[in-house]
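Coordinates from entry.csv are shown below (CSV, C-alpha atoms and all ligand atoms).
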```csv
chain,number,residue,atom,x,y,z
E,1,ASP,CA,58.9,-30.5,-170.0
E,2,ASP,CA,57.1,-33.7,-169.7
E,3,ALA,CA,53.5,-32.4,-169.6
E,4,LYS,CA,53.9,-30.4,-172.8
E,5,THR,CA,55.3,-33.2,-174.9
E,6,LYS,CA,53.1,-36.0,-173.6
E,7,LEU,CA,49.9,-35.3,-175.6
E,8,PRO,CA,51.7,-34.5,-178.9
E,9,GLY,CA,53.7,-37.7,-178.5
E,10,LEU,CA,50.6,-39.6,-177.8
E,11,LEU,CA,48.9,-38.2,-180.9
E,12,VAL,CA,51.8,-38.9,-183.2
E,13,LYS,CA,52.0,-42.4,-181.9
E,14,ALA,CA,48.3,-43.0,-182.3
E,15,ALA,CA,48.2,-41.7,-185.9
E,16,CYS,CA,51.2,-43.8,-186.9
E,17,SER,CA,50.0,-47.0,-185.2
E,18,SER,CA,46.6,-46.6,-186.9
E,19,ILE,CA,48.3,-46.6,-190.3
E,20,VAL,CA,50.4,-49.7,-189.4
E,21,SER,CA,47.2,-51.5,-188.5
E,22,ALA,CA,45.4,-50.3,-191.6
E,23,GLU,CA,48.1,-51.6,-193.9
E,24,PRO,CA,46.2,-54.7,-195.2
E,25,GLU,CA,43.1,-52.6,-196.0
E,26,ILE,CA,45.1,-49.8,-197.7
E,27,THR,CA,47.0,-52.5,-199.7
E,28,ARG,CA,43.7,-54.1,-200.8
E,29,MET,CA,42.4,-50.8,-202.0
E,30,ASP,CA,45.6,-49.8,-203.9
E,31,THR,CA,45.6,-53.2,-205.5
E,32,ILE,CA,42.2,-52.4,-207.0
E,33,CYS,CA,42.8,-48.6,-207.6
E,34,GLY,CA,46.6,-48.5,-208.2
E,35,ASP,CA,49.8,-50.6,-208.1
E,36,GLY,CA,49.3,-52.1,-204.6
E,37,ASP,CA,52.1,-50.3,-202.8
E,38,CYS,CA,50.3,-47.6,-200.9
E,39,GLY,CA,49.7,-49.7,-197.7
E,40,THR,CA,53.3,-50.9,-197.4
E,41,GLY,CA,54.6,-47.5,-198.3
E,42,LEU,CA,52.6,-45.7,-195.7
E,43,LYS,CA,53.3,-48.4,-193.1
E,44,ARG,CA,57.0,-48.0,-193.6
E,45,ALA,CA,56.6,-44.2,-193.4
E,46,ALA,CA,54.7,-44.6,-190.1
E,47,GLU,CA,57.2,-47.0,-188.7
E,48,SER,CA,60.0,-44.6,-189.6
E,49,VAL,CA,58.2,-41.8,-187.6
E,50,LEU,CA,57.6,-44.2,-184.7
E,51,ARG,CA,61.3,-45.1,-184.6
E,52,HIS,CA,62.3,-41.5,-184.4
E,53,LEU,CA,59.6,-40.8,-181.8
E,54,GLU,CA,61.1,-43.7,-179.7
E,55,LYS,CA,64.6,-42.1,-180.0
E,56,GLU,CA,63.1,-38.8,-178.9
E,57,ASP,CA,64.4,-36.9,-182.0
E,58,ILE,CA,61.0,-35.4,-182.8
E,59,PRO,CA,60.6,-31.9,-181.3
E,60,LEU,CA,57.1,-32.5,-179.8
E,61,HIS,CA,57.1,-29.1,-178.0
E,62,THR,CA,59.1,-26.0,-178.7
E,63,PRO,CA,59.1,-23.6,-175.8
E,64,ASP,CA,58.1,-19.9,-176.2
E,65,THR,CA,55.9,-20.4,-179.3
E,66,LYS,CA,53.0,-17.9,-179.5
E,67,THR,CA,50.8,-20.4,-181.3
E,68,GLY,CA,51.5,-23.1,-178.7
E,69,VAL,CA,52.3,-25.4,-181.6
E,70,SER,CA,55.7,-26.8,-182.6
E,71,ALA,CA,56.5,-26.0,-186.2
E,72,PRO,CA,59.6,-28.3,-186.2
E,73,LEU,CA,57.3,-31.1,-185.1
E,74,PHE,CA,55.6,-30.9,-188.5
E,75,ALA,CA,58.8,-30.4,-190.4
E,76,THR,CA,60.5,-33.4,-188.9
E,77,VAL,CA,57.5,-35.7,-189.2
E,78,GLY,CA,57.4,-34.8,-192.9
E,79,ARG,CA,61.0,-35.6,-193.3
E,80,TYR,CA,60.8,-39.0,-191.4
E,81,ILE,CA,57.7,-40.0,-193.5
E,82,ASN,CA,59.7,-39.3,-196.6
E,83,GLU,CA,62.7,-41.2,-195.3
E,84,GLY,CA,60.6,-44.3,-194.7
E,85,ALA,CA,58.1,-44.2,-197.6
E,86,GLU,CA,58.7,-45.6,-201.1
E,87,GLY,CA,55.7,-44.5,-203.3
E,88,SER,CA,54.4,-41.1,-204.2
E,89,SER,CA,52.5,-40.6,-201.0
E,90,GLY,CA,55.7,-40.2,-198.9
E,91,ALA,CA,56.9,-37.3,-201.0
E,92,LEU,CA,53.4,-35.8,-201.1
E,93,TYR,CA,53.1,-36.0,-197.3
E,94,ASN,CA,56.6,-34.4,-197.0
E,95,ILE,CA,55.3,-31.5,-199.1
E,96,LEU,CA,52.2,-31.2,-196.9
E,97,PHE,CA,54.0,-31.2,-193.6
E,98,THR,CA,56.9,-29.0,-194.8
E,99,ALA,CA,54.5,-26.4,-196.0
E,100,THR,CA,52.4,-26.7,-192.9
E,101,ALA,CA,55.5,-26.1,-190.8
E,102,ALA,CA,56.5,-23.1,-192.8
E,103,ALA,CA,53.0,-21.6,-192.3
E,104,LEU,CA,53.2,-22.2,-188.6
E,105,LYS,CA,56.5,-20.4,-188.4
E,106,ARG,CA,55.1,-17.5,-190.3
E,107,LEU,CA,52.1,-17.3,-187.9
E,108,GLU,CA,54.6,-16.9,-185.1
E,109,ASP,CA,55.5,-13.5,-186.5
E,110,GLU,CA,51.9,-12.2,-186.5
E,111,LYS,CA,50.9,-9.6,-183.9
E,112,SER,CA,48.2,-11.8,-182.3
E,113,PRO,CA,48.6,-15.3,-183.8
E,114,PRO,CA,45.9,-17.9,-183.6
E,115,GLN,CA,46.4,-20.6,-181.0
E,116,GLY,CA,46.5,-24.4,-180.9
E,117,ILE,CA,44.0,-26.1,-183.1
E,118,ARG,CA,43.1,-22.9,-184.9
E,119,ALA,CA,46.7,-22.3,-185.8
E,120,ILE,CA,47.1,-25.9,-187.0
E,121,GLY,CA,43.9,-25.6,-189.1
E,122,MET,CA,45.2,-22.4,-190.8
E,123,ALA,CA,48.7,-23.9,-191.4
E,124,VAL,CA,47.4,-27.3,-192.7
E,125,LYS,CA,45.2,-25.3,-195.2
E,126,GLU,CA,48.3,-23.8,-196.6
E,127,GLY,CA,50.0,-27.2,-196.6
E,128,ILE,CA,47.2,-28.6,-198.7
E,129,ASP,CA,47.4,-25.6,-201.1
E,130,LYS,CA,51.1,-26.3,-201.6
E,131,LEU,CA,50.3,-30.0,-202.1
E,132,CYS,CA,47.7,-29.1,-204.8
E,133,GLU,CA,50.2,-26.7,-206.4
E,134,ILE,CA,53.1,-29.1,-206.6
E,135,GLY,CA,51.2,-32.4,-207.1
E,136,GLY,CA,48.8,-30.8,-209.6
E,137,ALA,CA,45.7,-32.3,-208.1
E,138,GLN,CA,42.5,-30.5,-207.0
E,139,PRO,CA,39.5,-31.6,-204.9
E,140,GLY,CA,37.4,-34.1,-206.8
E,141,MET,CA,40.2,-35.9,-208.5
E,142,ARG,CA,40.1,-39.0,-206.3
E,143,THR,CA,43.2,-38.4,-204.2
E,144,MET,CA,44.0,-37.8,-200.5
E,145,ILE,CA,43.1,-34.2,-201.0
E,146,ASP,CA,39.4,-35.2,-201.0
E,147,ALA,CA,39.8,-36.3,-197.4
E,148,LEU,CA,42.3,-33.7,-196.3
E,149,THR,CA,40.4,-30.6,-197.5
E,150,PRO,CA,37.0,-31.4,-195.8
E,151,ALA,CA,38.9,-32.5,-192.6
E,152,CYS,CA,40.9,-29.3,-192.5
E,153,ASP,CA,37.8,-27.2,-193.1
E,154,ALA,CA,35.9,-29.0,-190.4
E,155,LEU,CA,38.8,-28.5,-188.0
E,156,ALA,CA,38.9,-24.7,-188.6
E,157,GLN,CA,35.1,-24.5,-188.3
E,158,ALA,CA,34.9,-26.4,-185.1
E,159,ALA,CA,38.0,-24.9,-183.5
E,160,GLY,CA,35.8,-22.9,-181.1
E,161,LYS,CA,34.3,-26.1,-179.6
E,162,GLY,CA,37.7,-27.2,-178.3
E,163,PRO,CA,40.4,-29.5,-179.7
E,164,LYS,CA,38.6,-32.8,-179.0
E,165,ALA,CA,35.3,-31.8,-180.7
E,166,ALA,CA,37.3,-30.2,-183.6
E,167,LEU,CA,39.3,-33.3,-184.2
E,168,GLU,CA,36.1,-35.4,-184.0
E,169,ALA,CA,34.5,-33.1,-186.6
E,170,ALA,CA,37.6,-33.4,-188.8
E,171,ALA,CA,37.6,-37.2,-188.5
E,172,LYS,CA,34.0,-37.4,-189.6
E,173,ALA,CA,34.6,-35.0,-192.5
E,174,ALA,CA,37.7,-37.0,-193.6
E,175,GLN,CA,35.6,-40.3,-193.5
E,176,GLU,CA,32.9,-38.7,-195.6
E,177,GLY,CA,35.4,-37.3,-197.9
E,178,ALA,CA,37.1,-40.7,-198.4
E,179,GLU,CA,33.6,-42.3,-198.9
E,180,ALA,CA,32.9,-39.7,-201.6
E,181,THR,CA,35.9,-40.8,-203.7
E,182,LYS,CA,34.2,-44.2,-204.3
E,183,THR,CA,32.3,-42.7,-207.2
E,184,MET,CA,35.0,-40.3,-208.5
E,185,ASP,CA,37.1,-40.8,-211.6
E,186,ALA,CA,40.8,-40.6,-211.1
E,187,VAL,CA,42.6,-37.8,-212.9
E,188,LYS,CA,46.0,-37.9,-211.1
E,189,GLY,CA,48.5,-40.6,-210.1
E,190,ARG,CA,48.5,-44.2,-211.0
E,191,ALA,CA,44.8,-44.6,-210.5
E,192,SER,CA,44.3,-42.6,-213.6
E,193,TYR,CA,45.6,-45.6,-215.6
E,194,ILE,CA,43.1,-48.0,-214.0
E,195,PRO,CA,39.7,-48.6,-215.8
E,196,ALA,CA,37.1,-46.5,-214.0
E,197,GLU,CA,34.7,-49.4,-213.8
E,198,GLN,CA,37.3,-51.4,-211.7
E,199,MET,CA,37.5,-48.7,-209.1
E,200,LYS,CA,33.8,-47.8,-208.6
E,201,GLY,CA,32.8,-48.7,-205.1
E,202,THR,CA,36.4,-48.7,-203.7
E,203,ALA,CA,37.6,-45.5,-202.0
E,204,ASP,CA,40.9,-43.9,-202.9
E,205,PRO,CA,43.6,-45.6,-200.7
E,206,GLY,CA,45.3,-42.3,-199.9
E,207,ALA,CA,42.0,-40.6,-198.9
E,208,TYR,CA,41.1,-43.6,-196.8
E,209,ALA,CA,44.5,-43.5,-195.1
E,210,VAL,CA,43.8,-39.8,-194.2
E,211,SER,CA,40.4,-40.8,-192.6
E,212,VAL,CA,42.2,-43.5,-190.6
E,213,TRP,CA,44.8,-41.3,-189.0
E,214,PHE,CA,42.3,-38.4,-188.4
E,215,LYS,CA,40.1,-40.9,-186.5
E,216,ALA,CA,43.1,-42.1,-184.5
E,217,LEU,CA,43.9,-38.5,-183.6
E,218,ALA,CA,40.3,-37.8,-182.5
E,219,ASP,CA,40.2,-41.0,-180.4
E,220,ALA,CA,43.6,-40.4,-178.8
E,221,TYR,CA,43.1,-36.7,-177.8
E,222,THR,CA,42.6,-36.1,-174.2
E,223,ASP,CA,42.2,-32.7,-172.4
E,301,LIG,P1,52.0,-44.5,-206.2
E,301,LIG,O1,50.9,-44.0,-207.1
E,301,LIG,O2,53.3,-43.8,-206.7
E,301,LIG,O3,52.1,-46.0,-206.1
E,301,LIG,P2,51.2,-44.4,-203.5
E,301,LIG,O4,50.6,-45.7,-203.7
E,301,LIG,O5,52.2,-44.3,-202.4
E,301,LIG,O6,51.8,-43.8,-204.8
E,301,LIG,O7,50.0,-43.4,-203.1
E,301,LIG,C1,48.8,-43.4,-203.8
E,301,LIG,C2,47.9,-42.3,-203.3
E,301,LIG,O8,48.6,-41.0,-203.4
E,301,LIG,C3,46.6,-42.1,-204.0
E,301,LIG,O9,45.7,-43.0,-203.4
E,301,LIG,C4,46.2,-40.7,-203.8
E,301,LIG,O10,45.5,-40.5,-202.7
E,301,LIG,C5,47.6,-40.0,-203.6
E,301,LIG,N1,48.0,-39.2,-204.8
E,301,LIG,C6,48.4,-39.7,-206.0
E,301,LIG,N2,48.7,-38.6,-206.8
E,301,LIG,C7,48.5,-37.5,-206.1
E,301,LIG,C8,48.6,-36.1,-206.3
E,301,LIG,N3,49.1,-35.6,-207.5
E,301,LIG,N4,48.2,-35.2,-205.4
E,301,LIG,C9,47.7,-35.7,-204.2
E,301,LIG,N5,47.6,-37.0,-203.9
E,301,LIG,C10,48.0,-37.9,-204.8
E,302,MG,MG,50.6,-47.1,-205.2
E,303,MG,MG,53.9,-47.1,-206.7
```

When written as structure tokens, how does the structure in this file appear?
Ligand code: ADP
Ligand code: MG
Ligand code: MG
Amino acid sequence: DDAKTKLPGLLVKAACSSIVSAEPEITRMDTICGDGDCGTGLKRAAESVLRHLEKEDIPLHTPDTKTGVSAPLFATVGRYINEGAEGSSGALYNILFTATAAALKRLEDEKSPPQGIRAIGMAVKEGIDKLCEIGGAQPGMRTMIDALTPACDALAQAAGKGPKAALEAAAKAAQEGAEATKTMDAVKGRASYIPAEQMKGTADPGAYAVSVWFKALADAYTD
């Protein structure tokens, strides 16, 4: 039904469009901190998702879920990101979204599962854990995890204040997390081959991208 797919569709569109717009800035950052392809890679990934959204082959709402959240939404978005991307971040996002979808599916089997933003917060937490496990990075290593982890924590903490306030708290935490990478040394990924001096003062491109799409989600959310 239209009403139940409208908001998720709006949010997916807002997040992806924000990444398309941020491409030049992400490119600039990955030119300093990596091999320069993070902006175009994420832009292609976002455009891939937008194309599938247009064709209505993203399950924005699945009826009869106890959490009120569509697990297949996360699974397909992960797949379409991976389809479009070229660098590591496409594969990393695929891991994040696939593991988040699996966690959401599992929550469905609980006796009294969490709802909405609370369910998403718990599931994304598991997604991040999987990302750390497979990618080998931990918080503090100058990666997107440094924006994702505080954002997810803030989301869970502010869940009681309602989705809009929770997303705003998450966006703020992601922005602060990305900011904090400016003084971190890279341990993982291509950035670890770049002289630390060159990167000081520039945020990790992947972490910055996370702050961009979280802000877009917070801005686009309407009750
Ligand atoms: P590549 O390094 O292959 O060119 P991208 O440019 O697409 O990959 O993405 C770079 C971003 O990916 C980094 O800014 C960082 O945030 C993130 N990243 C790199 N390695 C990891 C990892 N092992 N775990 C989590 N995120 C990572
Ligand atoms: Mg790169
Ligand atoms: Mg690359």

So which residues are near ligand MG 303 (chain E), meaning at most 8 Å away with all atoms listed in the file counted, given back as a count of residues only? 9

Can you list, as a PyMOL selection string, every protein, DNA or RNA residue that comes within 9 Å of region 162-178 of chain E when you count all atoms listed in the file, leaving out same-chain residues fewer than 5 positions away? chain E and resi 116-118+142-157+203-219+221-223

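Nearest-residue note for Gln198 (chain E): choosing from E:Asn82, E:Thr31, E:Ser112, E:Thr76, the minimum distance belongs to E:Thr31, counting all atoms listed in the file.
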
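Counting only C-alpha atoms and all ligand atoms and comparing E:Lys125, E:Lys200, E:Lys188, E:Lys66, the residue that lies closest to ligand MG 302 (chain E) is E:Lys188.
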
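Remark: for Leu104 (chain E), the closest of the candidate residues E:Ala3, E:Ile128, E:Ile32, E:Ala71 is E:Ala71 (distances computed over only C-alpha atoms).
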
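If all atoms listed in the file are the atoms counted, then among E:Ala159, E:Gly41, E:Leu7, E:Ile194 the closest residue to Ser89 (chain E) is E:Gly41.
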
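Atom to atom, CA of Pro139 (chain E) and atom C9 of ligand LIG 301 (chain E) stand 9.2 Å apart.
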